[in-house]
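All remarks here apply to the structure that follows.
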Amino acid sequence: MVGQSRTPHYCLACDDGTVMELGVKDVTIVAKHVTRVVKDIAGWHCPKCGEIEFIDHDSSERAGRALEDAWIEARAGEGRDIRSQRKRLKLTQVEAGQLFGGGANAFSRYEKGKAHPPKSTALLLELLTRHPDLLREVQSIA
């Protein structure tokens, strides 16, 4: 790496004295269950936690785009899962929005990957999908 200091860089994420390695490496980007491999990322790489201090704009941009794309794909997958769960419970988007909260358009936004449901909504939806017999009970107290 021309012009790069060989002075040790310490990983600020680990904050335990781990020395980072200067080099060009293929990096795996992970967003939920979606992974992307980005080739030839130049920077200081932490061998312990994977943190990177980019040393050029190109590497930073490519890694950023890969992460953004992975999150878009992950949210789309979550949206498909939410839609599938809602349909298994035989609820319309409006009914689900009223039952779980968030308004009439909440489930439309969740299913399109434009919004992430609150953790409590995701957990209750998962629970009701596993135990659909509880749906009537939840509806009676909602």
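Ligands are numbered from 1 in the order shown, chains are lettered A, B, ... in the order of the structure tokens, and residues start at 1 in each chain.
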Considering only C-alpha atoms, return as a ChimeraX atom specification whatever protein or nucleic-acid residues lie within 12 Å of region 86-100 of chain A, sequence-local ones (same chain, fewer than 3 positions apart) excluded.
/A:79-83,103-112,117-142
Write out as a list in words which residues come within 9 Å of Lys48 (chain A) when counting only C-alpha atoms, dropping same-chain ones fewer than 4 positions away.
Cys11, Cys14, Thr18 and Met20 of chain A
Now that the selection is made, can you save its residues with N, CA, C and O atoms as a short mmCIF file (atom, residue, chain, number, x, y, z; two decimals), in the first residue's frame?
data_model
loop_
_atom_site.label_atom_id
_atom_site.label_comp_id
_atom_site.auth_asym_id
_atom_site.auth_seq_id
_atom_site.Cartn_x
_atom_site.Cartn_y
_atom_site.Cartn_z
N CYS A 11 -7.67 -1.83 16.78
CA CYS A 11 -9.11 -1.92 16.52
C CYS A 11 -9.89 -1.19 17.61
O CYS A 11 -9.83 -1.56 18.78
N CYS A 14 -12.86 -3.57 18.97
CA CYS A 14 -12.47 -4.55 19.99
C CYS A 14 -12.04 -3.84 21.28
O CYS A 14 -12.32 -4.31 22.37
N THR A 18 -6.09 -5.11 20.05
CA THR A 18 -5.93 -5.91 18.84
C THR A 18 -5.33 -5.06 17.74
O THR A 18 -5.86 -3.98 17.44
N MET A 20 -4.61 -4.18 13.96
CA MET A 20 -5.24 -4.41 12.66
C MET A 20 -4.17 -4.69 11.62
O MET A 20 -3.01 -4.30 11.78
#
Within chain A, find each residue whose DSSP state, derived from the backbone, is strand (DSSP E), and express the selection as a PDB file with C-alpha atoms, in the first residue's frame.
ATOM      1  CA  GLU A  21      -3.660  -5.736   9.472  1.00  0.00           C
ATOM      2  CA  LEU A  22      -3.096  -3.487   6.465  1.00  0.00           C
ATOM      3  CA  GLY A  23      -4.014  -5.186   3.217  1.00  0.00           C
ATOM      4  CA  VAL A  24      -6.464  -5.983   0.456  1.00  0.00           C
ATOM      5  CA  LYS A  25      -8.952  -8.719   1.275  1.00  0.00           C
ATOM      6  CA  ASP A  26     -12.249 -10.154   0.157  1.00  0.00           C
ATOM      7  CA  VAL A  27     -14.839  -9.160   2.755  1.00  0.00           C
ATOM      8  CA  THR A  28     -18.097 -10.885   3.602  1.00  0.00           C
ATOM      9  CA  ILE A  29     -20.953  -8.485   4.310  1.00  0.00           C
ATOM     10  CA  VAL A  30     -23.869  -9.856   6.351  1.00  0.00           C
ATOM     11  CA  ALA A  31     -27.370  -8.432   6.834  1.00  0.00           C
ATOM     12  CA  VAL A  34     -28.161 -12.350   3.426  1.00  0.00           C
ATOM     13  CA  THR A  35     -24.449 -12.347   2.660  1.00  0.00           C
ATOM     14  CA  ARG A  36     -22.396 -10.627   0.010  1.00  0.00           C
ATOM     15  CA  VAL A  37     -18.705 -11.094  -0.738  1.00  0.00           C
ATOM     16  CA  VAL A  38     -16.960  -7.905  -1.820  1.00  0.00           C
ATOM     17  CA  LYS A  39     -13.640  -8.492  -3.552  1.00  0.00           C
ATOM     18  CA  ASP A  40     -10.451  -6.564  -2.960  1.00  0.00           C
ATOM     19  CA  ILE A  41     -11.324  -4.264  -0.063  1.00  0.00           C
ATOM     20  CA  ALA A  42      -8.305  -2.150   0.818  1.00  0.00           C
ATOM     21  CA  GLY A  43      -7.845  -1.065   4.386  1.00  0.00           C
ATOM     22  CA  TRP A  44      -6.890  -1.911   7.909  1.00  0.00           C
ATOM     23  CA  HIS A  45      -8.664  -5.188   8.775  1.00  0.00           C
ATOM     24  CA  ILE A  52     -12.375  -2.336   8.627  1.00  0.00           C
ATOM     25  CA  GLU A  53     -10.804   1.099   8.381  1.00  0.00           C
ATOM     26  CA  PHE A  54     -11.043   1.838   4.673  1.00  0.00           C
TER      27      PHE A  54
END
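Interatomic distance, CA of Ala76 (chain A) against CA of Lys32 (chain A): 11.4 Å.
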Please return, as a PyMOL selection string, all residues of region 27-139 of chain A that DSSP assigns to helix (DSSP H, G or I) on the basis of the backbone.
chain A and resi 57-88+93-100+106-111+119-130+132-139
Write the selection just made, keeping C-alpha atoms, as an mmCIF file, in the first residue's frame?
data_model
loop_
_atom_site.group_PDB
_atom_site.id
_atom_site.type_symbol
_atom_site.label_atom_id
_atom_site.label_comp_id
_atom_site.auth_asym_id
_atom_site.auth_seq_id
_atom_site.Cartn_x
_atom_site.Cartn_y
_atom_site.Cartn_z
ATOM 1 C CA HIS A 57 -13.014 5.742 -1.432
ATOM 2 C CA ASP A 58 -13.618 2.891 -3.891
ATOM 3 C CA SER A 59 -13.398 0.186 -1.221
ATOM 4 C CA SER A 60 -15.645 2.142 1.100
ATOM 5 C CA GLU A 61 -18.243 2.752 -1.629
ATOM 6 C CA ARG A 62 -18.315 -0.870 -2.809
ATOM 7 C CA ALA A 63 -18.654 -2.224 0.739
ATOM 8 C CA GLY A 64 -21.374 0.325 1.508
ATOM 9 C CA ARG A 65 -23.358 -0.553 -1.624
ATOM 10 C CA ALA A 66 -23.055 -4.267 -0.874
ATOM 11 C CA LEU A 67 -24.328 -3.734 2.668
ATOM 12 C CA GLU A 68 -27.225 -1.601 1.448
ATOM 13 C CA ASP A 69 -28.168 -4.193 -1.194
ATOM 14 C CA ALA A 70 -27.983 -6.997 1.371
ATOM 15 C CA TRP A 71 -30.298 -5.100 3.739
ATOM 16 C CA ILE A 72 -32.778 -4.441 0.928
ATOM 17 C CA GLU A 73 -32.836 -8.147 0.114
ATOM 18 C CA ALA A 74 -33.131 -9.099 3.802
ATOM 19 C CA ARG A 75 -36.066 -6.721 4.325
ATOM 20 C CA ALA A 76 -37.775 -8.076 1.207
ATOM 21 C CA GLY A 77 -37.385 -11.608 2.559
ATOM 22 C CA GLU A 78 -38.784 -10.558 5.915
ATOM 23 C CA GLY A 79 -41.681 -8.906 4.095
ATOM 24 C CA ARG A 80 -42.463 -12.145 2.259
ATOM 25 C CA ASP A 81 -42.340 -14.018 5.562
ATOM 26 C CA ILE A 82 -44.693 -11.540 7.246
ATOM 27 C CA ARG A 83 -47.128 -11.759 4.333
ATOM 28 C CA SER A 84 -47.049 -15.552 4.480
ATOM 29 C CA GLN A 85 -47.678 -15.548 8.238
ATOM 30 C CA ARG A 86 -50.544 -13.066 7.912
ATOM 31 C CA LYS A 87 -52.153 -15.128 5.162
ATOM 32 C CA ARG A 88 -51.816 -18.351 7.178
ATOM 33 C CA GLN A 93 -53.640 -6.298 5.990
ATOM 34 C CA VAL A 94 -56.203 -3.974 7.597
ATOM 35 C CA GLU A 95 -57.259 -6.606 10.141
ATOM 36 C CA ALA A 96 -53.635 -7.379 10.985
ATOM 37 C CA GLY A 97 -52.874 -3.671 11.373
ATOM 38 C CA GLN A 98 -55.814 -3.269 13.745
ATOM 39 C CA LEU A 99 -54.916 -6.365 15.749
ATOM 40 C CA PHE A 100 -51.167 -5.761 16.039
ATOM 41 C CA ALA A 106 -48.725 -0.969 8.609
ATOM 42 C CA PHE A 107 -48.733 -4.467 7.159
ATOM 43 C CA SER A 108 -48.549 -3.162 3.620
ATOM 44 C CA ARG A 109 -45.339 -1.326 4.564
ATOM 45 C CA TYR A 110 -43.948 -4.359 6.413
ATOM 46 C CA GLU A 111 -44.706 -6.724 3.532
ATOM 47 C CA LYS A 119 -40.163 -6.634 17.758
ATOM 48 C CA SER A 120 -43.330 -7.263 19.772
ATOM 49 C CA THR A 121 -45.379 -7.448 16.555
ATOM 50 C CA ALA A 122 -42.922 -9.833 14.911
ATOM 51 C CA LEU A 123 -42.841 -12.061 17.996
ATOM 52 C CA LEU A 124 -46.628 -12.147 18.404
ATOM 53 C CA LEU A 125 -47.091 -12.852 14.701
ATOM 54 C CA GLU A 126 -44.610 -15.736 14.929
ATOM 55 C CA LEU A 127 -46.304 -17.085 18.053
ATOM 56 C CA LEU A 128 -49.763 -16.954 16.448
ATOM 57 C CA THR A 129 -48.439 -18.605 13.299
ATOM 58 C CA ARG A 130 -47.116 -21.476 15.416
ATOM 59 C CA PRO A 132 -53.157 -20.297 15.352
ATOM 60 C CA ASP A 133 -55.694 -21.522 17.919
ATOM 61 C CA LEU A 134 -54.646 -18.524 20.079
ATOM 62 C CA LEU A 135 -55.744 -16.009 17.423
ATOM 63 C CA ARG A 136 -59.370 -15.915 18.595
ATOM 64 C CA GLU A 137 -58.245 -15.378 22.170
ATOM 65 C CA VAL A 138 -55.975 -12.495 21.162
ATOM 66 C CA GLN A 139 -58.772 -10.982 19.050
#
